[in-house]
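Notes to accompany the following structure.
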Amino acid sequence: MKNLLIGLGLVGLLTVSACGNKEETAGETVNEVSKTEVPKKNNTNKEKEVEGLGNYEGLKIGDKVSVKYGSSLEDKVAFDFTLNKMEYTDQPLGGKDPKYESGFIILDVTIKNTGKEPLEVDQITGMQYGSSIVVLGERYDFKDLSENKLLELKESLTGKMVVQYPKKGNQLTWGLEGFTTTFSYDINADEIGDYVPE
């Protein structure tokens with residue numbers, strides 16, 4: 001009887017510990033985070049303030065967004081971003097072949113330094129189209145946007161960015177909520193033109 005009670009106690013203890021909020025896999029500990037949906041406000045100017053930073057949603061091609069960083073940077077880093085157009089090709093680009101059932105979406109963008117210091121162009125890296133990462137065009141032989149380019153105060157630059165993706169609509173997103181302005185462009189497939197090399 002004593003062994004039975006000890007056995008049931010151990011099973012109960014294992015059951016309770018298995019229902020915790022940590023999961024151990026391959027030597028890693030992963031904490032589960034519960035997600036809470038926050039209702040979104042419909043503002044006519046497409047902006048919601050988050051700790052003094054903008055959160056722009058539902059933008060369309062041609063819309064400009066003013067990007068700021070958190071107060072720790074004291075407006076030193078800020079820029080305007082405009083998505084001018086998007087084009088698609090299923091042909092090789094910059095010596096690289098598209099992946100299976102995919103192609104290249106080429107974004108034509110304009111960046112203007114509105115901060116108090118020179119702006120490194122690679123600040124706009126980390127952008128995503130759906131779940132695919134958008135990269136600066138220099139990786140595909142477009143020379144206008146490169147990681148080493150520095151924009152002086154009030155200087156603007158128009159150039160190309162590229163993502164491997166099928167010609168499908170999705171969202172183009174950028175930003176880190178609570179640290180920078182965040183934005184998302186809603187893109188329909190019929191808004192993506194055919195790429196013609198210049």
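Just so we're on the same page: first chain in the structure tokens is A, next is B, and so on; residues restart at 1 for each chain, and ligands are numbered from 1 in the order they show up.
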
Query raised in the report: Leaving out Ser131 of chain A and any residue of its chain fewer than 6 positions from it, which residues lie within 12 Å of it when counting only C-alpha atoms, given as a ChimeraX atom specification?
Result: /A:163-165,170-174

Query raised in the report: Quick one, how far is atom CA of Glu57 of chain A from atom CA of Gly103 of chain A?
Result: 26.1 Å

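Residues within 12 Å of Lys168 of chain A, counting only C-alpha atoms and excluding same-chain residues fewer than 4 positions away, are Met86, Glu87, Tyr88, Glu101, Ser102, Gly103, Phe104, Ile105, Tyr129, Gly130, Gln164, Leu172, Asp186, Ile187, Asn188, Ala189, Asp190, Glu191, Ile192 and Gly193 of chain A.
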
Report task. Mind the document's chain letters and residue numbers, and return as a count of residues only the residues of segment 63-170 of chain A that DSSP labels helix (DSSP H, G or I). Result -> 11

Report task. Extract the full set of strand (DSSP E) residues from segment 70-147 of chain A according to DSSP on the backbone, and format it as number ranges by chain. Result -> A: 78-89, 104-113, 119-120, 128-129, 132-133, 135-136

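When only C-alpha atoms are used to compute distances to Val109 of chain A, the closest of the residues A:Val196, A:Leu136, A:Leu59, A:Leu150 turns out to be A:Leu136.
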
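Omitting Thr82 of chain A and its sequence neighbours fewer than 6 positions away, and counting only C-alpha atoms, the residues within 12 Å are Leu59, Lys60, Ile61, Gly62, Asp63, Lys64, Val65, Ser66, Val67, Leu107, Asp108, Val109, Thr110, Ile111, Lys112, Ile124, Ser156, Leu157, Thr158, Gly159, Lys160, Leu172, Phe183, Ser184 and Tyr185 of chain A.
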
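Here the question is which of A:Phe79, A:Tyr69, A:Tyr140, A:Tyr195 gets nearest to Leu176 of chain A using only C-alpha atoms, and that residue is A:Tyr69.
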